[in-house]
>>> print(open('query33.pdb').read())   # PDB, C-alpha atoms and all ligand atoms
ATOM      1  CA  MET A  24     -11.975 -15.130   4.542  1.00  0.00           C
ATOM      2  CA  SER A  25     -11.092 -16.238   8.064  1.00  0.00           C
ATOM      3  CA  GLU A  26     -13.721 -16.103  10.785  1.00  0.00           C
ATOM      4  CA  SER A  27     -12.007 -13.131  12.426  1.00  0.00           C
ATOM      5  CA  LEU A  28     -12.301 -11.131   9.182  1.00  0.00           C
ATOM      6  CA  VAL A  29     -16.014 -11.998   8.850  1.00  0.00           C
ATOM      7  CA  LYS A  30     -16.410 -10.729  12.408  1.00  0.00           C
ATOM      8  CA  ALA A  31     -14.721  -7.471  11.402  1.00  0.00           C
ATOM      9  CA  TYR A  32     -17.538  -6.707   8.924  1.00  0.00           C
ATOM     10  CA  LYS A  33     -20.140  -7.576  11.569  1.00  0.00           C
ATOM     11  CA  ARG A  34     -18.666  -5.327  14.247  1.00  0.00           C
ATOM     12  CA  GLY A  35     -17.742  -2.636  11.652  1.00  0.00           C
ATOM     13  CA  TYR A  36     -14.070  -2.174  12.521  1.00  0.00           C
ATOM     14  CA  GLN A  37     -10.721  -3.958  12.366  1.00  0.00           C
ATOM     15  CA  ASP A  38      -7.425  -3.465  14.176  1.00  0.00           C
ATOM     16  CA  PHE A  39      -4.439  -2.376  12.072  1.00  0.00           C
ATOM     17  CA  TYR A  40      -1.124  -1.475  13.713  1.00  0.00           C
ATOM     18  CA  GLY A  41      -2.870  -1.089  17.074  1.00  0.00           C
ATOM     19  CA  ARG A  42      -5.674   1.202  15.932  1.00  0.00           C
ATOM     20  CA  ASP A  43      -9.310   0.467  15.029  1.00  0.00           C
ATOM     21  CA  PHE A  44     -10.323   1.211  11.422  1.00  0.00           C
ATOM     22  CA  VAL A  45     -13.952   1.471  10.315  1.00  0.00           C
ATOM     23  CA  VAL A  46     -14.680  -1.137   7.610  1.00  0.00           C
ATOM     24  CA  SER A  47     -17.667  -1.824   5.363  1.00  0.00           C
ATOM     25  CA  PRO A  48     -18.332  -4.133   2.399  1.00  0.00           C
ATOM     26  CA  ASP A  49     -16.855  -1.333   0.226  1.00  0.00           C
ATOM     27  CA  VAL A  50     -13.319  -1.977   1.489  1.00  0.00           C
ATOM     28  CA  LEU A  51     -10.886  -4.820   2.017  1.00  0.00           C
ATOM     29  CA  ILE A  52     -10.516  -5.810   5.662  1.00  0.00           C
ATOM     30  CA  PRO A  53      -6.960  -4.759   6.622  1.00  0.00           C
ATOM     31  CA  ARG A  54      -4.686  -7.834   6.917  1.00  0.00           C
ATOM     32  CA  PRO A  55      -1.875  -8.322   9.456  1.00  0.00           C
ATOM     33  CA  GLU A  56       0.713  -9.075   6.725  1.00  0.00           C
ATOM     34  CA  THR A  57       0.186  -5.544   5.336  1.00  0.00           C
ATOM     35  CA  GLU A  58       1.524  -4.001   8.566  1.00  0.00           C
ATOM     36  CA  ALA A  59       5.055  -4.812   7.341  1.00  0.00           C
ATOM     37  CA  ILE A  60       4.670  -1.986   4.771  1.00  0.00           C
ATOM     38  CA  VAL A  61       4.465   0.449   7.704  1.00  0.00           C
ATOM     39  CA  ASP A  62       7.474  -1.231   9.373  1.00  0.00           C
ATOM     40  CA  GLU A  63       9.566  -0.790   6.231  1.00  0.00           C
ATOM     41  CA  VAL A  64       8.715   2.905   5.796  1.00  0.00           C
ATOM     42  CA  LYS A  65       9.460   3.512   9.492  1.00  0.00           C
ATOM     43  CA  LEU A  66      12.903   1.943   8.971  1.00  0.00           C
ATOM     44  CA  LEU A  67      13.568   4.335   6.072  1.00  0.00           C
ATOM     45  CA  ALA A  68      12.492   7.204   8.348  1.00  0.00           C
ATOM     46  CA  GLY A  69      15.075   6.110  10.934  1.00  0.00           C
ATOM     47  CA  GLN A  70      12.535   4.635  13.357  1.00  0.00           C
ATOM     48  CA  SER A  71      12.693   1.149  14.848  1.00  0.00           C
ATOM     49  CA  TYR A  72       9.488  -0.865  14.920  1.00  0.00           C
ATOM     50  CA  LEU A  73      10.256  -3.549  17.518  1.00  0.00           C
ATOM     51  CA  PRO A  74      10.978  -2.930  21.210  1.00  0.00           C
ATOM     52  CA  GLY A  75      14.760  -2.948  21.689  1.00  0.00           C
ATOM     53  CA  MET A  76      15.460  -2.742  17.953  1.00  0.00           C
ATOM     54  CA  LYS A  77      18.204  -0.302  17.005  1.00  0.00           C
ATOM     55  CA  ALA A  78      17.032   2.420  14.620  1.00  0.00           C
ATOM     56  CA  GLN A  79      18.878   2.575  11.305  1.00  0.00           C
ATOM     57  CA  LYS A  80      20.228   5.707   9.680  1.00  0.00           C
ATOM     58  CA  GLN A  81      17.413   7.901   8.369  1.00  0.00           C
ATOM     59  CA  LYS A  82      17.185   7.604   4.581  1.00  0.00           C
ATOM     60  CA  LEU A  83      14.191   9.872   3.969  1.00  0.00           C
ATOM     61  CA  SER A  84      14.279  13.662   3.869  1.00  0.00           C
ATOM     62  CA  GLU A  85      12.967  15.757   6.809  1.00  0.00           C
ATOM     63  CA  ASN A  86       9.427  15.985   5.398  1.00  0.00           C
ATOM     64  CA  PRO A  87       9.041  13.035   3.063  1.00  0.00           C
ATOM     65  CA  LEU A  88       6.106  12.755   0.693  1.00  0.00           C
ATOM     66  CA  ILE A  89       4.496   9.298   0.729  1.00  0.00           C
ATOM     67  CA  LEU A  90       1.786   8.075  -1.661  1.00  0.00           C
ATOM     68  CA  ASP A  91      -0.410   5.078  -0.810  1.00  0.00           C
ATOM     69  CA  VAL A  92      -1.941   3.726  -4.025  1.00  0.00           C
ATOM     70  CA  GLY A  93      -5.098   1.616  -3.587  1.00  0.00           C
ATOM     71  CA  THR A  94      -5.659   3.035  -0.127  1.00  0.00           C
ATOM     72  CA  GLY A  95      -8.991   1.270   0.594  1.00  0.00           C
ATOM     73  CA  SER A  96      -9.906   1.891   4.248  1.00  0.00           C
ATOM     74  CA  GLY A  97      -6.877   4.202   4.433  1.00  0.00           C
ATOM     75  CA  CYS A  98      -5.206   1.901   6.959  1.00  0.00           C
ATOM     76  CA  ILE A  99      -1.678   2.222   5.526  1.00  0.00           C
ATOM     77  CA  ALA A 100      -1.811   5.952   4.700  1.00  0.00           C
ATOM     78  CA  ILE A 101      -3.334   6.950   8.050  1.00  0.00           C
ATOM     79  CA  THR A 102      -0.989   4.732  10.053  1.00  0.00           C
ATOM     80  CA  LEU A 103       2.033   6.188   8.242  1.00  0.00           C
ATOM     81  CA  LYS A 104       0.886   9.743   8.988  1.00  0.00           C
ATOM     82  CA  LEU A 105       0.366   8.909  12.673  1.00  0.00           C
ATOM     83  CA  GLU A 106       3.680   7.029  13.013  1.00  0.00           C
ATOM     84  CA  ILE A 107       5.833   9.447  10.965  1.00  0.00           C
ATOM     85  CA  LYS A 108       4.399  12.832  11.978  1.00  0.00           C
ATOM     86  CA  GLU A 109       6.670  14.914   9.746  1.00  0.00           C
ATOM     87  CA  ALA A 110       5.596  13.031   6.591  1.00  0.00           C
ATOM     88  CA  GLU A 111       3.084  14.333   4.084  1.00  0.00           C
ATOM     89  CA  VAL A 112       0.814  11.465   3.046  1.00  0.00           C
ATOM     90  CA  VAL A 113      -1.607  11.132   0.127  1.00  0.00           C
ATOM     91  CA  GLY A 114      -3.923   8.128  -0.322  1.00  0.00           C
ATOM     92  CA  LEU A 115      -5.319   7.295  -3.785  1.00  0.00           C
ATOM     93  CA  ASP A 116      -8.054   4.891  -4.827  1.00  0.00           C
ATOM     94  CA  VAL A 117     -10.226   4.334  -7.870  1.00  0.00           C
ATOM     95  CA  SER A 118     -13.241   3.566  -5.634  1.00  0.00           C
ATOM     96  CA  SER A 119     -15.131   6.618  -4.378  1.00  0.00           C
ATOM     97  CA  LYS A 120     -16.920   4.387  -1.844  1.00  0.00           C
ATOM     98  CA  ALA A 121     -13.594   3.259  -0.401  1.00  0.00           C
ATOM     99  CA  LEU A 122     -12.376   6.874  -0.240  1.00  0.00           C
ATOM    100  CA  ARG A 123     -15.442   7.784   1.834  1.00  0.00           C
ATOM    101  CA  ILE A 124     -14.416   5.160   4.421  1.00  0.00           C
ATOM    102  CA  ALA A 125     -10.773   6.305   4.277  1.00  0.00           C
ATOM    103  CA  ARG A 126     -11.776   9.923   4.982  1.00  0.00           C
ATOM    104  CA  GLU A 127     -14.007   8.785   7.865  1.00  0.00           C
ATOM    105  CA  ASN A 128     -11.075   6.848   9.355  1.00  0.00           C
ATOM    106  CA  ALA A 129      -8.688   9.783   8.970  1.00  0.00           C
ATOM    107  CA  GLU A 130     -11.101  12.088  10.777  1.00  0.00           C
ATOM    108  CA  LYS A 131     -11.835   9.587  13.533  1.00  0.00           C
ATOM    109  CA  LEU A 132      -8.119   8.921  14.144  1.00  0.00           C
ATOM    110  CA  GLY A 133      -7.047  12.567  13.790  1.00  0.00           C
ATOM    111  CA  ALA A 134      -4.715  12.031  10.818  1.00  0.00           C
ATOM    112  CA  SER A 135      -4.185  14.754   8.256  1.00  0.00           C
ATOM    113  CA  VAL A 136      -4.071  12.764   5.005  1.00  0.00           C
ATOM    114  CA  ASP A 137      -5.224  13.905   1.545  1.00  0.00           C
ATOM    115  CA  PHE A 138      -7.338  11.408  -0.379  1.00  0.00           C
ATOM    116  CA  VAL A 139      -7.594  11.539  -4.169  1.00  0.00           C
ATOM    117  CA  GLY A 140      -9.777   9.583  -6.599  1.00  0.00           C
ATOM    118  CA  SER A 141      -7.450   8.079  -9.187  1.00  0.00           C
ATOM    119  CA  ASP A 142      -6.800   5.069 -11.404  1.00  0.00           C
ATOM    120  CA  LEU A 143      -3.322   4.248 -10.057  1.00  0.00           C
ATOM    121  CA  LEU A 144      -1.450   7.614 -10.314  1.00  0.00           C
ATOM    122  CA  CYS A 145      -3.323   8.942 -13.388  1.00  0.00           C
ATOM    123  CA  ASN A 146      -4.965  11.840 -11.468  1.00  0.00           C
ATOM    124  CA  TYR A 147      -1.966  12.606  -9.256  1.00  0.00           C
ATOM    125  CA  ARG A 148      -0.699  16.144  -9.882  1.00  0.00           C
ATOM    126  CA  GLY A 149       1.412  16.795  -6.763  1.00  0.00           C
ATOM    127  CA  LYS A 150       5.144  16.903  -6.027  1.00  0.00           C
ATOM    128  CA  VAL A 151       7.452  14.003  -6.839  1.00  0.00           C
ATOM    129  CA  PRO A 152       6.960  11.448  -4.020  1.00  0.00           C
ATOM    130  CA  ASP A 153       9.870  10.027  -2.018  1.00  0.00           C
ATOM    131  CA  VAL A 154       8.062   6.772  -1.271  1.00  0.00           C
ATOM    132  CA  ILE A 155       5.198   4.997  -3.012  1.00  0.00           C
ATOM    133  CA  VAL A 156       3.523   2.189  -1.081  1.00  0.00           C
ATOM    134  CA  ALA A 157       0.790  -0.051  -2.447  1.00  0.00           C
ATOM    135  CA  ASN A 158      -1.263  -3.048  -1.511  1.00  0.00           C
ATOM    136  CA  LEU A 159      -3.052  -3.244  -4.847  1.00  0.00           C
ATOM    137  CA  PRO A 160      -5.286  -6.116  -5.971  1.00  0.00           C
ATOM    138  CA  TYR A 161      -2.970  -9.026  -6.831  1.00  0.00           C
ATOM    139  CA  VAL A 162      -5.161 -12.134  -6.705  1.00  0.00           C
ATOM    140  CA  ASP A 163      -5.332 -14.128  -9.943  1.00  0.00           C
ATOM    141  CA  GLU A 164      -8.789 -15.653 -10.187  1.00  0.00           C
ATOM    142  CA  ASN A 165      -7.265 -18.689 -11.960  1.00  0.00           C
ATOM    143  CA  TRP A 166      -5.038 -19.728  -9.049  1.00  0.00           C
ATOM    144  CA  GLU A 167      -5.791 -23.395  -8.410  1.00  0.00           C
ATOM    145  CA  TRP A 168      -5.501 -22.951  -4.639  1.00  0.00           C
ATOM    146  CA  LEU A 169      -7.821 -19.951  -4.539  1.00  0.00           C
ATOM    147  CA  ASP A 170     -10.807 -20.231  -2.184  1.00  0.00           C
ATOM    148  CA  LYS A 171     -13.122 -17.754  -3.945  1.00  0.00           C
ATOM    149  CA  GLU A 172     -15.901 -18.372  -1.453  1.00  0.00           C
ATOM    150  CA  ALA A 173     -13.586 -17.229   1.357  1.00  0.00           C
ATOM    151  CA  LEU A 174     -13.111 -13.875  -0.412  1.00  0.00           C
ATOM    152  CA  SER A 175     -16.703 -13.454  -1.578  1.00  0.00           C
ATOM    153  CA  LYS A 176     -17.641 -10.828   1.026  1.00  0.00           C
ATOM    154  CA  GLU A 177     -14.957  -8.375  -0.093  1.00  0.00           C
ATOM    155  CA  PRO A 178     -15.198  -6.114  -3.181  1.00  0.00           C
ATOM    156  CA  GLU A 179     -13.840  -7.791  -6.343  1.00  0.00           C
ATOM    157  CA  LEU A 180     -12.261  -4.434  -7.228  1.00  0.00           C
ATOM    158  CA  ALA A 181     -10.072  -4.766  -4.120  1.00  0.00           C
ATOM    159  CA  LEU A 182      -8.907  -8.305  -4.858  1.00  0.00           C
ATOM    160  CA  TYR A 183      -8.465  -9.345  -8.458  1.00  0.00           C
ATOM    161  CA  ALA A 184      -6.084  -8.335 -11.218  1.00  0.00           C
ATOM    162  CA  THR A 185      -5.361  -9.824 -14.648  1.00  0.00           C
ATOM    163  CA  ASN A 186      -1.994 -11.020 -16.035  1.00  0.00           C
ATOM    164  CA  GLY A 187      -1.380 -13.487 -13.206  1.00  0.00           C
ATOM    165  CA  GLY A 188      -2.588 -10.842 -10.740  1.00  0.00           C
ATOM    166  CA  LEU A 189       0.201  -8.451 -11.733  1.00  0.00           C
ATOM    167  CA  ASP A 190      -1.413  -6.019 -14.151  1.00  0.00           C
ATOM    168  CA  LEU A 191      -1.915  -3.189 -11.648  1.00  0.00           C
ATOM    169  CA  ILE A 192       1.452  -3.701  -9.958  1.00  0.00           C
ATOM    170  CA  PHE A 193       3.224  -3.578 -13.337  1.00  0.00           C
ATOM    171  CA  GLY A 194       1.201  -0.462 -14.235  1.00  0.00           C
ATOM    172  CA  LEU A 195       2.284   1.221 -11.012  1.00  0.00           C
ATOM    173  CA  ILE A 196       5.962   0.339 -11.576  1.00  0.00           C
ATOM    174  CA  ASN A 197       5.777   2.052 -14.988  1.00  0.00           C
ATOM    175  CA  GLN A 198       4.055   5.130 -13.560  1.00  0.00           C
ATOM    176  CA  ALA A 199       6.565   5.363 -10.690  1.00  0.00           C
ATOM    177  CA  LYS A 200       9.425   5.215 -13.181  1.00  0.00           C
ATOM    178  CA  MET A 201       7.834   8.087 -15.167  1.00  0.00           C
ATOM    179  CA  LEU A 202       7.265  10.215 -12.037  1.00  0.00           C
ATOM    180  CA  TRP A 203      10.839   9.730 -10.890  1.00  0.00           C
ATOM    181  CA  GLN A 204      12.577  10.082 -14.257  1.00  0.00           C
ATOM    182  CA  ASN A 205      13.616  13.737 -13.804  1.00  0.00           C
ATOM    183  CA  ASP A 206      14.560  13.451 -10.132  1.00  0.00           C
ATOM    184  CA  SER A 207      18.087  12.292  -9.344  1.00  0.00           C
ATOM    185  CA  GLY A 208      17.369  11.360  -5.703  1.00  0.00           C
ATOM    186  CA  GLU A 209      16.888   7.919  -4.161  1.00  0.00           C
ATOM    187  CA  LYS A 210      13.208   6.818  -4.201  1.00  0.00           C
ATOM    188  CA  TRP A 211      11.372   3.806  -2.790  1.00  0.00           C
ATOM    189  CA  LEU A 212       8.527   1.602  -3.970  1.00  0.00           C
ATOM    190  CA  ILE A 213       7.131  -0.748  -1.315  1.00  0.00           C
ATOM    191  CA  LEU A 214       4.639  -3.315  -2.585  1.00  0.00           C
ATOM    192  CA  GLU A 215       2.585  -6.171  -1.211  1.00  0.00           C
ATOM    193  CA  ALA A 216       2.155  -9.256  -3.388  1.00  0.00           C
ATOM    194  CA  ASP A 217       1.892 -12.990  -2.964  1.00  0.00           C
ATOM    195  CA  PRO A 218       5.380 -14.520  -2.536  1.00  0.00           C
ATOM    196  CA  CYS A 219       4.741 -16.659  -5.662  1.00  0.00           C
ATOM    197  CA  GLN A 220       4.680 -13.383  -7.663  1.00  0.00           C
ATOM    198  CA  HIS A 221       7.821 -11.802  -6.211  1.00  0.00           C
ATOM    199  CA  GLN A 222      10.360 -13.027  -8.775  1.00  0.00           C
ATOM    200  CA  ARG A 223       8.277 -11.714 -11.709  1.00  0.00           C
ATOM    201  CA  ILE A 224       7.867  -8.330 -10.004  1.00  0.00           C
ATOM    202  CA  ILE A 225      11.583  -8.052  -9.183  1.00  0.00           C
ATOM    203  CA  LYS A 226      12.498  -8.899 -12.806  1.00  0.00           C
ATOM    204  CA  TYR A 227       9.963  -6.394 -14.197  1.00  0.00           C
ATOM    205  CA  ALA A 228      11.154  -3.597 -11.879  1.00  0.00           C
ATOM    206  CA  THR A 229      14.871  -4.311 -12.406  1.00  0.00           C
ATOM    207  CA  GLU A 230      14.415  -4.105 -16.200  1.00  0.00           C
ATOM    208  CA  ARG A 231      13.056  -0.589 -15.595  1.00  0.00           C
ATOM    209  CA  GLY A 232      15.940   0.607 -13.411  1.00  0.00           C
ATOM    210  CA  ILE A 233      14.240  -0.045 -10.053  1.00  0.00           C
ATOM    211  CA  SER A 234      16.210  -2.514  -7.942  1.00  0.00           C
ATOM    212  CA  HIS A 235      15.196  -4.982  -5.255  1.00  0.00           C
ATOM    213  CA  LEU A 236      16.474  -4.087  -1.769  1.00  0.00           C
ATOM    214  CA  LYS A 237      14.750  -6.663   0.425  1.00  0.00           C
ATOM    215  CA  THR A 238      11.770  -8.933   0.929  1.00  0.00           C
ATOM    216  CA  ASN A 239       9.818  -8.988   4.188  1.00  0.00           C
ATOM    217  CA  ASP A 240       7.269 -11.823   3.979  1.00  0.00           C
ATOM    218  CA  PHE A 241       4.597 -10.526   1.531  1.00  0.00           C
ATOM    219  CA  ILE A 242       6.340  -7.158   1.158  1.00  0.00           C
ATOM    220  CA  LEU A 243       8.919  -6.154  -1.477  1.00  0.00           C
ATOM    221  CA  VAL A 244      11.119  -3.105  -0.913  1.00  0.00           C
ATOM    222  CA  LEU A 245      12.278  -1.690  -4.260  1.00  0.00           C
ATOM    223  CA  CYS A 246      14.472   1.333  -4.816  1.00  0.00           C
ATOM    224  CA  LYS A 247      15.360   3.707  -7.628  1.00  0.00           C
ATOM    225  CA  PRO A 248      18.999   4.462  -6.820  1.00  0.00           C
ATOM    226  CA  GLN A 249      20.429   7.963  -6.588  1.00  0.00           C
ATOM    227  CA  GLU A 250      21.851   9.065  -9.954  1.00  0.00           C
TER     228      GLU A 250
HETATM  229  C1  LIG B   1      -6.094  -5.040  -1.705  1.00  0.00           C
HETATM  230  S1  LIG B   1      -7.068  -3.556  -1.461  1.00  0.00           S
HETATM  231  C2  LIG B   1      -6.006  -2.742  -0.294  1.00  0.00           C
HETATM  232  C3  LIG B   1      -6.672  -1.735   0.587  1.00  0.00           C
HETATM  233  C4  LIG B   1      -5.765  -1.175   1.687  1.00  0.00           C
HETATM  234  N1  LIG B   1      -4.623  -0.484   1.121  1.00  0.00           N
HETATM  235  C5  LIG B   1      -5.279  -2.283   2.596  1.00  0.00           C
HETATM  236  O1  LIG B   1      -4.093  -2.619   2.532  1.00  0.00           O
HETATM  237  O2  LIG B   1      -6.088  -2.836   3.355  1.00  0.00           O
HETATM  238  C6  LIG B   1      -6.776  -2.743  -2.983  1.00  0.00           C
HETATM  239  C7  LIG B   1      -7.398  -1.375  -3.180  1.00  0.00           C
HETATM  240  O3  LIG B   1      -7.014  -0.911  -4.480  1.00  0.00           O
HETATM  241  C8  LIG B   1      -8.098  -0.242  -5.079  1.00  0.00           C
HETATM  242  N2  LIG B   1      -7.922  -0.281  -6.541  1.00  0.00           N
HETATM  243  C9  LIG B   1      -8.275  -1.250  -7.429  1.00  0.00           C
HETATM  244  N3  LIG B   1      -7.915  -0.901  -8.673  1.00  0.00           N
HETATM  245  C10 LIG B   1      -7.320   0.324  -8.579  1.00  0.00           C
HETATM  246  C11 LIG B   1      -6.750   1.206  -9.534  1.00  0.00           C
HETATM  247  N4  LIG B   1      -6.695   0.916 -10.833  1.00  0.00           N
HETATM  248  N5  LIG B   1      -6.252   2.376  -9.085  1.00  0.00           N
HETATM  249  C12 LIG B   1      -6.302   2.703  -7.768  1.00  0.00           C
HETATM  250  N6  LIG B   1      -6.831   1.902  -6.818  1.00  0.00           N
HETATM  251  C13 LIG B   1      -7.328   0.711  -7.223  1.00  0.00           C
HETATM  252  C14 LIG B   1      -9.330  -0.977  -4.584  1.00  0.00           C
HETATM  253  O4  LIG B   1     -10.469  -0.141  -4.669  1.00  0.00           O
HETATM  254  C15 LIG B   1      -8.914  -1.319  -3.147  1.00  0.00           C
HETATM  255  O5  LIG B   1      -9.341  -0.331  -2.264  1.00  0.00           O
END
>>> encode(input="query33.pdb", output="structure tokens", more="lines below")
Ligand SMILES: C[S@@+](CC[C@H](N)C(=O)[O-])C[C@H]1O[C@@H](n2cnc3c(N)ncnc32)[C@H](O)[C@@H]1O
Amino acid sequence: MSESLVKAYKRGYQDFYGRDFVVSPDVLIPRPETEAIVDEVKLLAGQSYLPGMKAQKQKLSENPLILDVGTGSGCIAITLKLEIKEAEVVGLDVSSKALRIARENAEKLGASVDFVGSDLLCNYRGKVPDVIVANLPYVDENWEWLDKEALSKEPELALYATNGGLDLIFGLINQAKMLWQNDSGEKWLILEADPCQHQRIIKYATERGISHLKTNDFILVLCKPQE
């Protein structure tokens, strides 16, 4: 963990997309590379994210439903609700301790987001989502270059996954496919993963009818096409 992230635990908050989020040892410290998930959803919503950037055609419906799986501090879900006011946003996490921090952040920042305790989407009973975003654990503890000591302050539940770090991401791709199977509309899955994992994820998703639209650094934008 870099020195600035250690400092975040000490001071108890971390900046994400220009807002301060409460953090504790129960949650991952929000990382700058994750902000690109917000940028990509804003593009789909017809909003530009850089000064002077031309907005693209809006692809989402008027009141899109967005799920953030593995919400942690709630940084992605809350930011999306504050940036795309007309969206309905639900954050899900398997950790009840993380959800407590997420709810505290939502209240502090005035964002109306529902938070649900769930292993991936297993407990999700709502409407079919238009967009699913996720920064799930994707670190493989066998990576030769891994500096475990640098990550030792953060919860293992927030970091590590089996099967080369891809077990949870693959699980989510399967659940997204199931959720979307009876809906003919275009749907989006926006995932963070290490670039060394991207080709495996793209292959896995493509084999399940979810295609790769673009890559933005650590972020993959996948799409189930309109039928
Ligand atoms: C890498 S952290 C990301 C947190 C936050 N979204 C962010 O970007 O800073 C991953 C989160 O996924 C949660 N998580 C781990 N396994 C999960 C599972 N099976 N289902 C749902 N959430 C899970 C962890 O508790 C943790 O909060």
>>> resolve_selection(input="query33.pdb", expression="the PyMOL selection byres (((chain A and resi 148-157) around 10) and not hetatm)", output="PyMOL selection string")
chain A and resi 57+60-61+63-64+67+83-84+86-94+99-100+111-115+143-147+158-160+192+195-196+199+202-206+208-216+242-246
>>> closest_residue(input="query33.pdb", among="A:Ser175, A:Leu66, A:Asp217, A:Ala228", to="Gln198 (chain A)", atoms="all atoms listed in the file")
A:Ala228
>>> axis_aligned_box(input="query33.pdb", around="ligand LIG 1 (chain B)", padding_each_side="8 Å", output="JSON")
{"center_x": -7.3, "center_y": -1.2, "center_z": -3.7, "size_x": 22.4, "size_y": 23.7, "size_z": 30.2}
>>> residues_around(input="query33.pdb", residues="Lys176 (chain A)", least_positions_apart="5", cutoff="12 Å", atoms="all atoms listed in the file", output="list in words")
Met24, Ser25, Glu26, Leu28, Val29, Lys30, Ala31, Tyr32, Lys33, Ser47, Pro48, Asp49, Val50, Leu51, Ile52, Lys171, Ala181 and Leu182 of chain A
>>> write_last_selection(input="query33.pdb", atoms="C-alpha atoms", output="PDB file, in the coordinates of the input")
ATOM      1  CA  MET A  24     -11.975 -15.130   4.542  1.00  0.00           C
ATOM      2  CA  SER A  25     -11.092 -16.238   8.064  1.00  0.00           C
ATOM      3  CA  GLU A  26     -13.721 -16.103  10.785  1.00  0.00           C
ATOM      4  CA  LEU A  28     -12.301 -11.131   9.182  1.00  0.00           C
ATOM      5  CA  VAL A  29     -16.014 -11.998   8.850  1.00  0.00           C
ATOM      6  CA  LYS A  30     -16.410 -10.729  12.408  1.00  0.00           C
ATOM      7  CA  ALA A  31     -14.721  -7.471  11.402  1.00  0.00           C
ATOM      8  CA  TYR A  32     -17.538  -6.707   8.924  1.00  0.00           C
ATOM      9  CA  LYS A  33     -20.140  -7.576  11.569  1.00  0.00           C
ATOM     10  CA  SER A  47     -17.667  -1.824   5.363  1.00  0.00           C
ATOM     11  CA  PRO A  48     -18.332  -4.133   2.399  1.00  0.00           C
ATOM     12  CA  ASP A  49     -16.855  -1.333   0.226  1.00  0.00           C
ATOM     13  CA  VAL A  50     -13.319  -1.977   1.489  1.00  0.00           C
ATOM     14  CA  LEU A  51     -10.886  -4.820   2.017  1.00  0.00           C
ATOM     15  CA  ILE A  52     -10.516  -5.810   5.662  1.00  0.00           C
ATOM     16  CA  LYS A 171     -13.122 -17.754  -3.945  1.00  0.00           C
ATOM     17  CA  ALA A 181     -10.072  -4.766  -4.120  1.00  0.00           C
ATOM     18  CA  LEU A 182      -8.907  -8.305  -4.858  1.00  0.00           C
TER      19      LEU A 182
END
>>> closest_residue(input="query33.pdb", among="A:Pro53, A:Gly35, A:Gly140, A:Pro218", to="Val162 (chain A)", atoms="all atoms listed in the file")
A:Pro218
>>> resolve_selection(input="query33.pdb", expression="the PyMOL selection byres (((chain A and resi 39) around 12) and not hetatm)", output="PyMOL selection string")
chain A and resi 31+36-38+40-46+52-61+96-103+128
>>> residues_near_point(input="query33.pdb", point="(21.5, 12.4, -8.4)", cutoff="7 Å", atoms="only C-alpha atoms", output="PyMOL selection string")
chain A and resi 207-208+249-250
>>> residues_around(input="query33.pdb", residues="Asn186 (chain A)", least_positions_apart="6", cutoff="10 Å", atoms="only C-alpha atoms", output="ChimeraX atom specification")
/A:161-163,193
>>> closest_residue(input="query33.pdb", among="A:Arg126, A:Lys82, A:Lys120, A:Lys200", to="ligand LIG 1 (chain B)", atoms="all atoms listed in the file")
A:Lys120
>>> atom_distance(input="query33.pdb", atom1="atom C7 of ligand LIG 1 (chain B)", atom2="CA of Leu189 (chain A)")
13.5 Å
>>> atom_distance(input="query33.pdb", atom1="CA of Glu230 (chain A)", atom2="CA of Asp62 (chain A)")
26.7 Å
>>> atom_distance(input="query33.pdb", atom1="atom C15 of ligand LIG 1 (chain B)", atom2="CA of Ser141 (chain A)")
11.3 Å
>>> closest_residue(input="query33.pdb", among="A:Ala184, A:Ala110, A:Val136, A:Leu169", to="ligand LIG 1 (chain B)", atoms="all atoms listed in the file")
A:Ala184
>>> closest_residue(input="query33.pdb", among="A:Tyr227, A:Tyr72, A:Trp166, A:Tyr183", to="ligand LIG 1 (chain B)", atoms="all atoms listed in the file")
A:Tyr183
>>> closest_residue(input="query33.pdb", among="A:Ser234, A:Asn165, A:Asn197, A:Ser119", to="ligand LIG 1 (chain B)", atoms="all atoms listed in the file")
A:Ser119
